[in-house]
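Enquirer: Sharing run_30.cif (mmCIF, C-alpha atoms) below.
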data_work
loop_
_atom_site.label_atom_id
_atom_site.label_comp_id
_atom_site.auth_asym_id
_atom_site.auth_seq_id
_atom_site.Cartn_x
_atom_site.Cartn_y
_atom_site.Cartn_z
CA MET N 1 7.72 -12.82 18.63
CA THR N 2 4.38 -12.10 17.00
CA PRO N 3 4.34 -10.56 13.52
CA LYS N 4 3.34 -6.92 13.13
CA LYS N 5 -0.32 -6.33 12.38
CA ILE N 6 -1.15 -5.26 8.84
CA ASP N 7 -3.50 -2.27 8.74
CA ALA N 8 -4.10 -2.19 4.98
CA VAL N 9 -3.13 -3.98 1.76
CA VAL N 10 -2.32 -1.98 -1.38
CA GLU N 11 -3.52 -3.95 -4.39
CA ALA N 12 -2.96 -1.49 -7.26
CA VAL N 13 -1.49 1.95 -7.99
CA ARG N 14 -1.93 4.69 -10.58
CA TYR N 15 0.91 7.10 -11.33
CA ASP N 16 0.50 10.52 -12.93
CA ALA N 17 2.60 11.75 -15.87
CA SER N 18 5.40 12.95 -13.56
CA GLY N 19 5.72 9.53 -11.88
CA GLN N 20 4.05 10.45 -8.58
CA ILE N 21 1.30 8.30 -7.15
CA GLU N 22 -2.12 9.60 -8.17
CA PHE N 23 -4.10 7.07 -6.12
CA VAL N 24 -3.91 3.54 -4.73
CA ARG N 25 -6.56 0.84 -4.30
CA VAL N 26 -6.45 -0.51 -0.75
CA TYR N 27 -8.24 -2.98 1.49
CA LYS N 28 -8.32 -1.68 5.08
CA ARG N 29 -8.42 -3.98 8.08
CA ILE N 30 -11.51 -3.76 10.26
CA VAL N 31 -11.03 -5.77 13.46
CA SER N 32 -10.16 -9.27 12.15
CA THR N 33 -11.14 -8.97 8.48
CA PHE N 34 -10.73 -6.56 5.58
CA ALA N 35 -13.30 -4.11 4.20
CA ASP N 36 -14.16 -3.67 0.53
CA HIS N 37 -11.54 -1.83 -1.48
CA SER N 38 -11.30 1.94 -1.42
CA LEU N 39 -9.21 4.51 -3.23
CA LEU N 40 -6.70 6.73 -1.43
CA THR N 41 -5.05 9.74 -3.00
CA ARG N 42 -1.33 10.24 -2.58
CA ALA N 43 -1.93 12.91 0.08
CA GLU N 44 -4.21 10.57 2.06
CA LEU N 45 -1.68 7.72 1.76
CA VAL N 46 1.20 9.93 2.97
CA ASP N 47 -0.93 11.21 5.87
CA GLN N 48 -1.80 7.64 6.93
CA LEU N 49 1.85 6.54 6.71
CA LYS N 50 2.90 9.51 8.88
CA LYS N 51 0.30 8.41 11.47
CA GLY N 52 1.92 4.98 11.64
CA VAL N 53 -0.62 2.98 9.65
CA ARG N 54 1.13 -0.14 8.30
CA PHE N 55 0.54 -0.69 4.56
CA VAL N 56 1.86 -3.69 2.63
CA ALA N 57 1.74 -4.54 -1.06
CA GLY N 58 -0.39 -7.57 -1.83
CA SER N 59 -3.13 -9.25 -3.82
CA ARG N 60 -6.28 -11.15 -2.93
CA GLN N 61 -6.24 -14.92 -3.19
CA GLU N 62 -8.82 -16.04 -5.72
CA LEU N 63 -12.04 -17.38 -4.14
CA MET N 64 -10.65 -16.83 -0.63
CA GLY N 65 -12.49 -13.66 0.43
CA ALA N 66 -10.34 -11.54 2.71
CA THR N 67 -7.19 -13.66 2.38
CA PHE N 68 -4.17 -11.94 0.83
CA ASP N 69 -0.75 -12.82 -0.49
CA THR N 70 1.31 -10.03 1.04
CA GLY N 71 4.60 -8.55 -0.04
CA PRO N 72 6.85 -5.69 1.02
CA GLU N 73 5.83 -2.92 3.39
CA LEU N 74 5.31 0.66 2.20
CA ARG N 75 7.40 3.43 3.71
CA LEU N 76 8.06 7.14 3.47
CA VAL N 77 11.61 8.07 2.54
CA ALA N 78 13.35 11.33 3.44
CA ASN N 79 12.03 13.38 0.50
CA SER N 80 8.39 12.31 1.19
CA ALA N 81 8.47 9.72 -1.57
CA VAL N 82 6.38 6.57 -1.05
CA GLN N 83 8.24 3.33 -1.75
CA THR N 84 8.10 -0.34 -0.94
CA THR N 85 10.94 -1.68 1.20
CA GLU N 86 12.28 -3.48 -1.91
CA ALA N 87 12.42 -0.31 -4.04
CA ALA N 88 15.38 2.02 -4.34
CA GLY N 89 16.03 5.41 -5.86
CA GLU N 90 14.16 8.67 -5.68
CA GLY N 91 10.48 9.36 -6.16
CA ASP N 92 7.43 7.18 -5.70
CA ASN N 93 8.06 3.52 -6.48
CA LEU N 94 5.74 0.73 -5.42
CA LYS N 95 7.75 -2.13 -6.83
CA GLY N 96 5.65 -5.23 -7.39
CA VAL N 97 2.28 -3.42 -7.18
CA PRO N 98 0.29 -3.63 -10.44
CA ARG N 99 -0.68 -0.40 -12.19
CA ILE N 100 -4.27 0.51 -12.96
#
I need this file expressed as structure tokens, please.

Expert:
Amino acid sequence: MTPKKIDAVVEAVRYDASGQIEFVRVYKRIVSTFADHSLLTRAELVDQLKKGVRFVAGSRQELMGATFDTGPELRLVANSAVQTTEAAGEGDNLKGVPRI
């Protein structure tokens, strides 16, 4: 069985004062490589997740260009909170993703 294709890697997150995601820094896949990083607001991230785009937490390997160490997948939970598959509880929680 082939692994699922990763559409984007979330490298960092910023939360607002209430604990909701303000924006995330992502690298989006373009064909067989990844583009330069871009910033997505929470609304844009939620919209992409609803469309089925597969985001994972991860970080770039030093001096390796578009090679990433990947972690858990991001998901939407029932109350429209964005969480990694390792996180639990209510509200936005990208466990293991560094804050900026």

Enquirer: Just so the selection is clear, what residues does the PyMOL selection byres ((chain N and resi 78) around 12) cover here, as a list in words?

Expert: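 This file, filtered by the PyMOL selection byres ((chain N and resi 78) around 12), leaves Lys50, Arg75, Leu76, Val77, Asn79, Ser80, Ala81, Val82, Gln83, Gly89, Glu90, Gly91 and Asp92 of chain N.
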
Enquirer: Any chance you could work out the residue set of the PyMOL selection byres ((chain N and resi 8) around 8) here, as a PyMOL selection string?

Expert: chain N and resi 6-7+9-10+26-29+34+53-56

Enquirer: Work out how far atom CA of Leu49 of chain N is from atom CA of Pro98 of chain N, in Å to one decimal.

Expert: 20.0 Å

Enquirer: Ala66 of chain N: which residues within 12 Å, counting all atoms listed in the file, same-chain residues fewer than 3 positions away excluded, as a PyMOL selection string?

Expert: chain N and resi 8-9+27-30+32-37+58-63+69-70

Enquirer: Could you write out as JSON the box around segment 84-92 of chain N (axis-aligned, all atoms listed in the file, 6 Å on each side), with centre and edge lengths in Å to one decimal?

Expert:
{"center_x": 11.7, "center_y": 2.9, "center_z": -2.5, "size_x": 20.6, "size_y": 24.8, "size_z": 19.4}

Enquirer: Using the chain letters and residue numbers of this document, give as a PDB file with C-alpha atoms, in the coordinates of the input the residues selected by the PyMOL selection byres ((chain N and resi 100) around 9).

Expert:
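After the write, selection.pdb holds the following:
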ATOM      1  CA  ALA N  12      -2.960  -1.490  -7.260  1.00  0.00           C
ATOM      2  CA  VAL N  13      -1.490   1.950  -7.990  1.00  0.00           C
ATOM      3  CA  ARG N  14      -1.930   4.690 -10.580  1.00  0.00           C
ATOM      4  CA  TYR N  15       0.910   7.100 -11.330  1.00  0.00           C
ATOM      5  CA  VAL N  24      -3.910   3.540  -4.730  1.00  0.00           C
ATOM      6  CA  ARG N  25      -6.560   0.840  -4.300  1.00  0.00           C
ATOM      7  CA  PRO N  98       0.290  -3.630 -10.440  1.00  0.00           C
ATOM      8  CA  ARG N  99      -0.680  -0.400 -12.190  1.00  0.00           C
TER       9      ARG N  99
END
